[in-house]
$ cat protein-v5.txt   # compact mmCIF, C-alpha atoms
# COMPACT_ATOMS: atom_id res chain seq x y z
CA GLU A 18 73.25 14.09 43.34
CA LEU A 19 69.64 13.01 42.99
CA LYS A 20 69.21 9.59 41.42
CA VAL A 21 65.87 8.18 40.33
CA GLU A 22 65.53 4.47 39.68
CA GLN A 23 62.58 2.61 38.27
CA ASN A 24 61.93 -1.06 38.24
CA PRO A 25 61.26 -3.07 36.36
CA LEU A 26 62.67 -1.50 33.21
CA PHE A 27 60.75 -3.90 31.00
CA LEU A 28 57.42 -5.45 31.79
CA SER A 29 55.39 -7.77 29.61
CA MET A 30 52.02 -8.75 30.97
CA GLN A 31 48.70 -10.17 29.91
CA GLU A 32 45.50 -8.26 29.67
CA GLY A 33 43.44 -8.44 32.80
CA LYS A 34 46.40 -8.76 35.18
CA ASN A 35 47.55 -6.33 37.86
CA TYR A 36 51.06 -5.04 38.28
CA THR A 37 53.09 -2.32 39.96
CA ILE A 38 55.96 -0.16 38.75
CA TYR A 39 58.29 1.18 41.43
CA CYS A 40 60.17 4.46 41.51
CA ASN A 41 62.87 5.04 44.13
CA TYR A 42 64.76 8.29 44.54
CA SER A 43 67.84 9.09 46.54
CA THR A 44 67.31 12.52 48.13
CA THR A 45 64.43 14.28 49.79
CA SER A 46 61.75 15.66 47.54
CA ASP A 47 58.05 16.18 48.02
CA ARG A 48 57.13 16.43 44.38
CA LEU A 49 56.96 13.51 42.01
CA TYR A 50 55.47 13.18 38.55
CA TRP A 51 54.47 10.27 36.37
CA TYR A 52 54.54 10.56 32.59
CA ARG A 53 53.53 8.27 29.77
CA GLN A 54 55.33 8.10 26.43
CA ASP A 55 54.00 6.23 23.40
CA PRO A 56 56.55 5.16 20.77
CA GLY A 57 57.77 8.14 18.78
CA LYS A 58 55.56 10.51 20.74
CA SER A 59 55.87 13.14 23.39
CA LEU A 60 55.51 12.76 27.15
CA GLU A 61 52.03 13.01 28.56
CA SER A 62 51.57 13.99 32.18
CA LEU A 63 49.65 11.38 34.16
CA PHE A 64 49.96 12.29 37.83
CA VAL A 65 51.44 14.96 40.04
CA LEU A 66 52.07 13.81 43.61
CA LEU A 67 52.78 16.58 46.05
CA SER A 68 52.84 15.22 49.54
CA ASN A 69 53.55 12.18 51.64
CA GLY A 70 50.73 9.69 51.37
CA ALA A 71 49.33 11.26 48.21
CA VAL A 72 47.31 8.84 46.12
CA LYS A 73 45.82 9.62 42.73
CA GLN A 74 43.78 7.45 40.41
CA GLU A 75 42.81 7.76 36.78
CA GLY A 76 41.03 4.83 35.21
CA ARG A 77 43.11 1.68 35.63
CA LEU A 78 46.17 3.57 36.90
CA MET A 79 46.82 4.55 40.50
CA ALA A 80 49.90 6.36 41.77
CA SER A 81 51.08 6.83 45.34
CA LEU A 82 53.92 8.60 47.09
CA ASP A 83 55.77 7.75 50.30
CA THR A 84 58.27 10.55 50.87
CA LYS A 85 59.74 8.90 53.95
CA ALA A 86 60.63 5.78 52.00
CA ARG A 87 61.45 7.91 48.92
CA LEU A 88 59.22 5.62 46.91
CA SER A 89 56.41 6.06 44.47
CA THR A 90 54.37 3.32 42.88
CA LEU A 91 52.27 3.18 39.75
CA HIS A 92 49.72 0.40 39.99
CA ILE A 93 47.96 -0.99 36.95
CA THR A 94 44.66 -2.76 37.51
CA ALA A 95 43.19 -5.21 35.00
CA ALA A 96 45.56 -4.10 32.26
CA VAL A 97 44.32 -3.45 28.74
CA HIS A 98 46.35 -3.25 25.54
CA ASP A 99 45.90 0.53 25.29
CA LEU A 100 48.09 0.96 28.35
CA SER A 101 51.16 -0.33 26.49
CA ALA A 102 53.70 2.51 26.61
CA THR A 103 56.82 3.63 28.44
CA TYR A 104 56.17 5.12 31.86
CA PHE A 105 58.53 7.58 33.48
CA CYS A 106 58.65 8.91 36.99
CA ALA A 107 60.38 12.24 37.56
CA VAL A 108 61.40 13.90 40.79
CA ASP A 109 61.63 17.63 41.30
CA ARG A 110 65.15 18.47 42.37
CA GLY A 111 64.30 22.09 42.84
CA ALA A 112 65.50 25.04 40.77
CA GLN A 113 63.09 24.00 38.06
CA LYS A 114 64.82 20.73 37.30
CA LEU A 115 63.12 17.37 36.86
CA VAL A 116 65.26 14.26 37.21
CA PHE A 117 63.78 11.31 35.34
CA GLY A 118 63.93 7.61 36.01
CA GLN A 119 65.06 5.30 33.23
CA GLY A 120 61.53 4.52 32.17
CA THR A 121 59.55 1.27 32.30
CA ARG A 122 58.57 -0.15 28.96
CA LEU A 123 55.22 -1.83 29.46
CA THR A 124 53.83 -4.27 26.91
CA ILE A 125 50.36 -5.68 27.43
CA ASN A 126 49.53 -8.76 25.41
CA PRO A 127 46.02 -9.85 24.52
CA ASP B 1051 45.93 24.00 19.38
CA THR B 1052 49.35 22.55 20.11
CA ALA B 1053 50.57 23.72 23.51
CA VAL B 1054 54.31 23.20 23.00
CA SER B 1055 55.43 22.87 19.41
CA GLN B 1056 58.86 22.10 18.03
CA THR B 1057 60.24 22.25 14.53
CA PRO B 1058 61.46 20.30 12.76
CA LYS B 1059 60.15 16.94 13.90
CA TYR B 1060 62.95 15.11 12.11
CA LEU B 1061 66.41 16.39 11.27
CA VAL B 1062 69.07 14.43 9.43
CA THR B 1063 72.38 16.17 8.91
CA GLN B 1064 76.05 15.53 8.37
CA MET B 1065 78.78 15.73 10.96
CA GLY B 1066 80.25 19.17 11.32
CA ASN B 1067 77.11 21.03 10.29
CA ASP B 1068 75.34 23.66 12.40
CA LYS B 1069 71.61 23.27 13.00
CA SER B 1070 68.80 24.83 15.01
CA ILE B 1071 65.65 23.48 16.59
CA LYS B 1072 62.82 25.88 17.36
CA CYS B 1073 60.32 25.69 20.17
CA GLU B 1074 57.24 27.74 20.91
CA GLN B 1075 54.65 27.46 23.66
CA ASN B 1076 51.24 29.11 23.72
CA LEU B 1077 50.41 28.29 27.34
CA GLY B 1078 51.61 31.59 28.78
CA HIS B 1079 54.26 29.76 30.80
CA ASP B 1080 57.29 31.61 32.09
CA THR B 1081 59.76 28.72 32.14
CA MET B 1082 61.02 26.64 29.23
CA TYR B 1083 63.38 23.70 29.05
CA TRP B 1084 65.38 21.52 26.70
CA TYR B 1085 65.71 17.82 27.46
CA LYS B 1086 67.72 15.18 25.58
CA GLN B 1087 66.48 11.61 25.25
CA ASP B 1088 69.16 9.15 24.19
CA SER B 1089 68.80 5.84 22.36
CA LYS B 1090 68.08 4.05 25.64
CA LYS B 1091 65.18 6.44 26.30
CA PHE B 1092 66.99 8.14 29.16
CA LEU B 1093 65.83 11.75 29.59
CA LYS B 1094 68.16 14.40 30.89
CA ILE B 1095 67.72 18.14 31.27
CA MET B 1096 70.04 20.37 29.29
CA PHE B 1097 68.83 23.92 29.88
CA SER B 1098 66.12 25.84 31.66
CA TYR B 1099 65.06 29.43 31.03
CA ASN B 1100 62.80 31.54 33.20
CA ASN B 1101 61.50 34.77 31.65
CA LYS B 1102 64.26 34.67 29.05
CA GLU B 1103 66.94 34.19 31.69
CA LEU B 1104 69.13 31.08 31.82
CA ILE B 1105 68.49 29.18 35.07
CA ILE B 1106 69.94 25.74 34.47
CA ASN B 1107 72.87 24.86 32.27
CA GLU B 1108 73.79 21.26 32.85
CA THR B 1109 77.05 19.77 31.72
CA VAL B 1110 76.46 20.22 28.04
CA PRO B 1111 79.17 20.91 25.42
CA ASN B 1112 79.34 24.57 24.57
CA ARG B 1113 78.50 23.63 20.99
CA PHE B 1114 74.93 23.71 22.29
CA SER B 1115 73.56 27.20 22.81
CA PRO B 1116 70.00 28.01 23.77
CA LYS B 1117 68.44 31.30 22.78
CA SER B 1118 65.24 32.74 24.16
CA PRO B 1119 64.01 35.78 22.19
CA ASP B 1120 60.92 36.01 24.38
CA LYS B 1121 59.03 34.07 27.02
CA ALA B 1122 57.17 31.98 24.47
CA HIS B 1123 60.20 30.79 22.50
CA LEU B 1124 63.31 28.80 23.30
CA ASN B 1125 65.51 27.73 20.41
CA LEU B 1126 68.44 25.36 20.49
CA HIS B 1127 71.46 25.92 18.26
CA ILE B 1128 74.00 23.19 17.82
CA ASN B 1129 77.36 23.86 16.19
CA SER B 1130 79.77 21.35 14.69
CA LEU B 1131 77.42 18.41 15.06
CA GLU B 1132 78.88 15.08 16.15
CA LEU B 1133 77.60 11.53 15.81
CA GLY B 1134 76.96 11.40 19.56
CA ASP B 1135 74.51 14.27 19.30
CA SER B 1136 72.01 11.94 17.66
CA ALA B 1137 69.03 11.79 20.01
CA VAL B 1138 65.51 13.06 20.47
CA TYR B 1139 65.39 16.60 21.86
CA PHE B 1140 62.32 17.66 23.78
CA CYS B 1141 61.26 21.16 24.57
CA ALA B 1142 59.04 21.67 27.62
CA SER B 1143 57.42 24.51 29.50
CA SER B 1144 55.88 25.15 32.90
CA GLN B 1145 54.42 28.00 34.91
CA GLU B 1146 56.64 28.62 37.89
CA ARG B 1147 53.86 29.31 40.35
CA LEU B 1148 51.83 26.33 39.11
CA ARG B 1149 54.77 24.01 38.61
CA GLN B 1150 53.86 22.08 41.71
CA LEU B 1151 50.37 21.39 40.48
CA GLU B 1152 50.87 20.73 36.80
CA GLY B 1153 54.45 19.76 36.17
CA ALA B 1154 55.95 20.43 32.77
CA PHE B 1155 54.30 20.15 29.36
CA PHE B 1156 56.40 18.58 26.62
CA GLY B 1157 56.63 19.16 22.89
CA GLN B 1158 56.49 16.29 20.41
CA GLY B 1159 60.27 16.01 20.17
CA THR B 1160 62.83 16.50 17.41
CA ARG B 1161 64.63 13.37 16.28
CA LEU B 1162 68.14 14.45 15.30
CA THR B 1163 70.26 12.02 13.32
CA VAL B 1164 73.85 12.93 12.58
CA VAL B 1165 75.46 10.91 9.80

$ encode --input "protein-v5.txt" --output "structure tokens"
Amino acid sequence: ELKVEQNPLFLSMQEGKNYTIYCNYSTTSDRLYWYRQDPGKSLESLFVLLSNGAVKQEGRLMASLDTKARLSTLHITAAVHDLSATYFCAVDRGAQKLVFGQGTRLTINP
Amino acid sequence: DTAVSQTPKYLVTQMGNDKSIKCEQNLGHDTMYWYKQDSKKFLKIMFSYNNKELIINETVPNRFSPKSPDKAHLNLHINSLELGDSAVYFCASSQERLRQLEGAFFGQGTRLTVV
């Protein structure tokens, strides 16, 4: 059974700092997604990573995928308060099923 | 225009009642899903439909029954509600041939509280 684990689950950081969220998964997959969820809101798609070595960047967020290590990272550069949210990675198990990590609740303090 | 819309947004009901949540997508997608998010924010798939056909039916009590009248709609009926059914239910959709490129689009969620 595919398991997806994120760490850390909670992250409190100061504005201006850099940090990385890790997403490990247990079985082979070449498709990984990152989503953002604000409190009480829906999930917003951030990145779709489709192949080994894929790297995508949007503003202060950068995501990468290493399929051999079964690891994806979401790197935050010079964090700002607006990035406070819960971030989920999700791995495509096939047959139209996404398996989600537990989520990382990120709080950025001024 | 809302891409994936669910109604109602909030639903408070008593144990034992039967309730429905409706979902509609205007993206022209051929696959729709129901996910459950529990109090710890953990998201788990419940059902997946492709062109009105059931594809995924995870281990969900048979009190939960999805119904897809057409490609753009996937409703969730829940019978004999229990306290443990309290959660946020998300509808989502994707286009099978573009699933690799776009992933799934999610509705705003329905917060179900069973009292």

$ interface_residues --input "protein-v5.txt" --of "chain B" --to "chain A" --cutoff "7 Å" --atoms "all atoms listed in the file" --output "list of chain:residue names"
B:Phe1092, B:Leu1093, B:Lys1094, B:Leu1151, B:Glu1152, B:Gly1153, B:Phe1156, B:Gly1157, B:Gln1158, B:Gly1159

$ closest_residue --input "protein-v5.txt" --among "B:Lys1069, B:Val1062, B:Ser1144, B:Lys1090" --to "Leu26 of chain A" --atoms "all atoms listed in the file"
B:Lys1090

$ closest_residue --input "protein-v5.txt" --among "B:Leu1126, B:Leu1061, B:Ile1071, B:Met1082" --to "Ser1098 of chain B" --atoms "only C-alpha atoms"
B:Met1082

$ atom_distance --input "protein-v5.txt" --atom1 "atom CA of Thr90 of chain A" --atom2 "atom CA of Gly33 of chain A"
19.0 Å

$ atom_distance --input "protein-v5.txt" --atom1 "atom CA of Pro56 of chain A" --atom2 "atom CA of Lys20 of chain A"
24.6 Å

$ closest_residue --input "protein-v5.txt" --among "B:Thr1109, B:Ser1118, B:Asn1100, B:Gln1087" --to "Asp1135 of chain B" --atoms "only C-alpha atoms"
B:Gln1087

$ residues_around --input "protein-v5.txt" --residues "Asn1076 of chain B" --least-positions-apart "3" --cutoff "10 Å" --atoms "only C-alpha atoms" --output "short mmCIF file (atom, residue, chain, number, x, y, z; two decimals) with C-alpha atoms, in the frame of the given file"
data_model
loop_
_atom_site.label_atom_id
_atom_site.label_comp_id
_atom_site.auth_asym_id
_atom_site.auth_seq_id
_atom_site.Cartn_x
_atom_site.Cartn_y
_atom_site.Cartn_z
CA ASP B 1051 45.93 24.00 19.38
CA THR B 1052 49.35 22.55 20.11
CA ALA B 1053 50.57 23.72 23.51
CA VAL B 1054 54.31 23.20 23.00
CA SER B 1055 55.43 22.87 19.41
CA HIS B 1079 54.26 29.76 30.80
CA LYS B 1121 59.03 34.07 27.02
CA ALA B 1122 57.17 31.98 24.47
CA HIS B 1123 60.20 30.79 22.50
CA SER B 1143 57.42 24.51 29.50
#

$ atom_distance --input "protein-v5.txt" --atom1 "atom CA of Phe1114 of chain B" --atom2 "atom CA of Asn1129 of chain B"
6.6 Å

$ residues_around --input "protein-v5.txt" --residues "Ala1137 of chain B" --least-positions-apart "2" --cutoff "7 Å" --atoms "only C-alpha atoms" --output "list of chain:residue names"
B:Lys1086, B:Gln1087, B:Asp1088, B:Ser1089, B:Asp1135, B:Tyr1139, B:Arg1161, B:Leu1162, B:Thr1163

$ residues_near_point --input "protein-v5.txt" --point "(65.0, 32.4, 31.1)" --cutoff "10 Å" --atoms "only C-alpha atoms" --output "PyMOL selection string"
chain B and resi 1080-1083+1097-1106+1116-1121+1123-1124

$ closest_residue --input "protein-v5.txt" --among "B:Thr1160, B:Ile1095, B:Glu1146, B:Asn1107" --to "Cys1073 of chain B" --atoms "only C-alpha atoms"
B:Thr1160

$ closest_residue --input "protein-v5.txt" --among "B:Leu1133, B:Asn1125, B:Trp1084, B:Gln1145" --to "Val1110 of chain B" --atoms "all atoms listed in the file"
B:Trp1084

$ closest_residue --input "protein-v5.txt" --among "A:Asp99, A:Asp83, A:Glu32, A:Asp55" --to "Asn126 of chain A" --atoms "all atoms listed in the file"
A:Glu32

$ build_atoms --input "protein-v5.txt" --residues "segment 1091-1104 of chain B" --atoms "N, CA, C and O atoms" --output "tab-separated table (two decimals), keeping the file's coordinate frame"
chain	number	residue	atom	x	y	z
B	1091	LYS	N	66.38	5.76	25.79
B	1091	LYS	CA	65.18	6.44	26.30
B	1091	LYS	C	65.44	7.23	27.57
B	1091	LYS	O	64.49	7.69	28.20
B	1092	PHE	N	66.69	7.38	27.95
B	1092	PHE	CA	66.99	8.14	29.16
B	1092	PHE	C	66.86	9.63	28.88
B	1092	PHE	O	67.43	10.15	27.92
B	1093	LEU	N	66.11	10.32	29.75
B	1093	LEU	CA	65.83	11.75	29.59
B	1093	LEU	C	66.67	12.56	30.55
B	1093	LEU	O	66.67	12.32	31.76
B	1094	LYS	N	67.34	13.58	30.02
B	1094	LYS	CA	68.16	14.40	30.89
B	1094	LYS	C	68.00	15.88	30.53
B	1094	LYS	O	67.97	16.23	29.35
B	1095	ILE	N	67.89	16.72	31.54
B	1095	ILE	CA	67.72	18.14	31.27
B	1095	ILE	C	69.03	18.73	30.75
B	1095	ILE	O	70.12	18.32	31.15
B	1096	MET	N	68.88	19.66	29.82
B	1096	MET	CA	70.04	20.37	29.29
B	1096	MET	C	70.04	21.81	29.78
B	1096	MET	O	71.01	22.31	30.34
B	1097	PHE	N	68.93	22.50	29.54
B	1097	PHE	CA	68.83	23.92	29.88
B	1097	PHE	C	67.44	24.23	30.41
B	1097	PHE	O	66.47	23.57	30.09
B	1098	SER	N	67.40	25.30	31.21
B	1098	SER	CA	66.12	25.84	31.66
B	1098	SER	C	66.21	27.36	31.61
B	1098	SER	O	67.21	27.95	32.02
B	1099	TYR	N	65.15	27.98	31.09
B	1099	TYR	CA	65.06	29.43	31.03
B	1099	TYR	C	63.81	29.87	31.77
B	1099	TYR	O	62.75	29.28	31.61
B	1100	ASN	N	63.94	30.94	32.54
B	1100	ASN	CA	62.80	31.54	33.20
B	1100	ASN	C	62.74	33.01	32.78
B	1100	ASN	O	63.69	33.77	33.02
B	1101	ASN	N	61.63	33.38	32.13
B	1101	ASN	CA	61.50	34.77	31.65
B	1101	ASN	C	62.73	35.22	30.87
B	1101	ASN	O	63.28	36.30	31.12
B	1102	LYS	N	63.15	34.41	29.96
B	1102	LYS	CA	64.26	34.67	29.05
B	1102	LYS	C	65.63	34.61	29.72
B	1102	LYS	O	66.64	34.91	29.08
B	1103	GLU	N	65.66	34.24	31.00
B	1103	GLU	CA	66.94	34.19	31.69
B	1103	GLU	C	67.36	32.74	31.92
B	1103	GLU	O	66.55	31.91	32.37
B	1104	LEU	N	68.63	32.44	31.65
B	1104	LEU	CA	69.13	31.08	31.82
B	1104	LEU	C	69.19	30.73	33.30
B	1104	LEU	O	69.79	31.43	34.11
